[in-house]
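K.L.:
Before I ask anything, here is the structure I am working with.
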Amino acid sequence: MEWISVKDRLPEIPVNGYAHVTVIATDGEMAFPALYERAVLKRGTFYRWKDVWNRIYAGIHITHWMPLPDPPQ
């Protein structure tokens, strides 16, 4: 598995409504689990990064991400 730049592409999210995908992300200094979500609100549809405790990342600039590995068999 290799890091994917957010400049090249973002995680794919299922098509309809609210949805998220869990990935490993980095800000260039440390790696951490993150949620990339699509939220449909009254003001429109938003794509944003959140931590696994459901808080929006503020002040952290995510540069790369990678999918989670498959679970063991």
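Note on naming: chains are A, B, ... as they come in the structure tokens, residues start from 1 per chain, ligands start from 1 in the order shown.
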Please provide the set of residues having any atom within 7 Å of segment 45-62 of chain A, restricted to only C-alpha atoms, with same-chain residues fewer than 5 positions apart removed, written as a ChimeraX atom specification.

P.N.:
/A:25-27,33-40

K.L.:
DSSP on the backbone, then: every residue of chain A marked strand (DSSP E or B), written as a PyMOL selection string.

P.N.:
chain A and resi 4-5+19-26+31-41+44-50+56+64-67

K.L.:
For the residues in the current selection, export C-alpha atoms as a PDB file, in the first residue's frame.

P.N.:
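As a result, out.pdb now contains:
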```pdb
ATOM      1  CA  ILE A   4      -2.086   8.826  -2.055  1.00  0.00           C
ATOM      2  CA  SER A   5      -1.782  12.604  -2.279  1.00  0.00           C
ATOM      3  CA  ALA A  19     -21.615   8.559   4.085  1.00  0.00           C
ATOM      4  CA  HIS A  20     -18.000   8.247   5.172  1.00  0.00           C
ATOM      5  CA  VAL A  21     -14.961   6.090   4.657  1.00  0.00           C
ATOM      6  CA  THR A  22     -12.250   5.338   7.227  1.00  0.00           C
ATOM      7  CA  VAL A  23      -8.638   5.672   6.067  1.00  0.00           C
ATOM      8  CA  ILE A  24      -5.157   6.299   7.428  1.00  0.00           C
ATOM      9  CA  ALA A  25      -4.163   9.943   6.921  1.00  0.00           C
ATOM     10  CA  THR A  26      -1.045  12.030   7.475  1.00  0.00           C
ATOM     11  CA  ALA A  31      -0.114   9.140  10.682  1.00  0.00           C
ATOM     12  CA  PHE A  32      -3.566   8.685  12.204  1.00  0.00           C
ATOM     13  CA  PRO A  33      -6.973   7.129  11.436  1.00  0.00           C
ATOM     14  CA  ALA A  34      -9.399   9.575   9.832  1.00  0.00           C
ATOM     15  CA  LEU A  35     -12.897   9.697   8.394  1.00  0.00           C
ATOM     16  CA  TYR A  36     -13.506  11.384   5.061  1.00  0.00           C
ATOM     17  CA  GLU A  37     -17.208  12.167   4.898  1.00  0.00           C
ATOM     18  CA  ARG A  38     -19.912  13.649   2.747  1.00  0.00           C
ATOM     19  CA  ALA A  39     -22.505  15.479   4.831  1.00  0.00           C
ATOM     20  CA  VAL A  40     -25.708  16.764   3.240  1.00  0.00           C
ATOM     21  CA  LEU A  41     -26.897  19.763   5.233  1.00  0.00           C
ATOM     22  CA  GLY A  44     -25.503  22.075   0.803  1.00  0.00           C
ATOM     23  CA  THR A  45     -23.225  19.078   0.492  1.00  0.00           C
ATOM     24  CA  PHE A  46     -19.882  19.193   2.282  1.00  0.00           C
ATOM     25  CA  TYR A  47     -16.826  16.951   2.081  1.00  0.00           C
ATOM     26  CA  ARG A  48     -14.617  17.059   5.139  1.00  0.00           C
ATOM     27  CA  TRP A  49     -12.076  15.202   7.238  1.00  0.00           C
ATOM     28  CA  LYS A  50     -13.042  14.119  10.758  1.00  0.00           C
ATOM     29  CA  ILE A  56     -13.927  17.935  12.392  1.00  0.00           C
ATOM     30  CA  HIS A  64      -1.879  12.116   2.021  1.00  0.00           C
ATOM     31  CA  TRP A  65      -4.083   9.123   2.824  1.00  0.00           C
ATOM     32  CA  MET A  66      -4.228   5.372   2.267  1.00  0.00           C
ATOM     33  CA  PRO A  67      -7.016   2.800   2.589  1.00  0.00           C
TER      34      PRO A  67
END
```

K.L.:
To one decimal place, how far is atom CA of Glu29 of chain A from atom CA of Pro71 of chain A in Å?

P.N.:
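Answer for the atom CA of Glu29 of chain A to atom CA of Pro71 of chain A separation: 25.9 Å.
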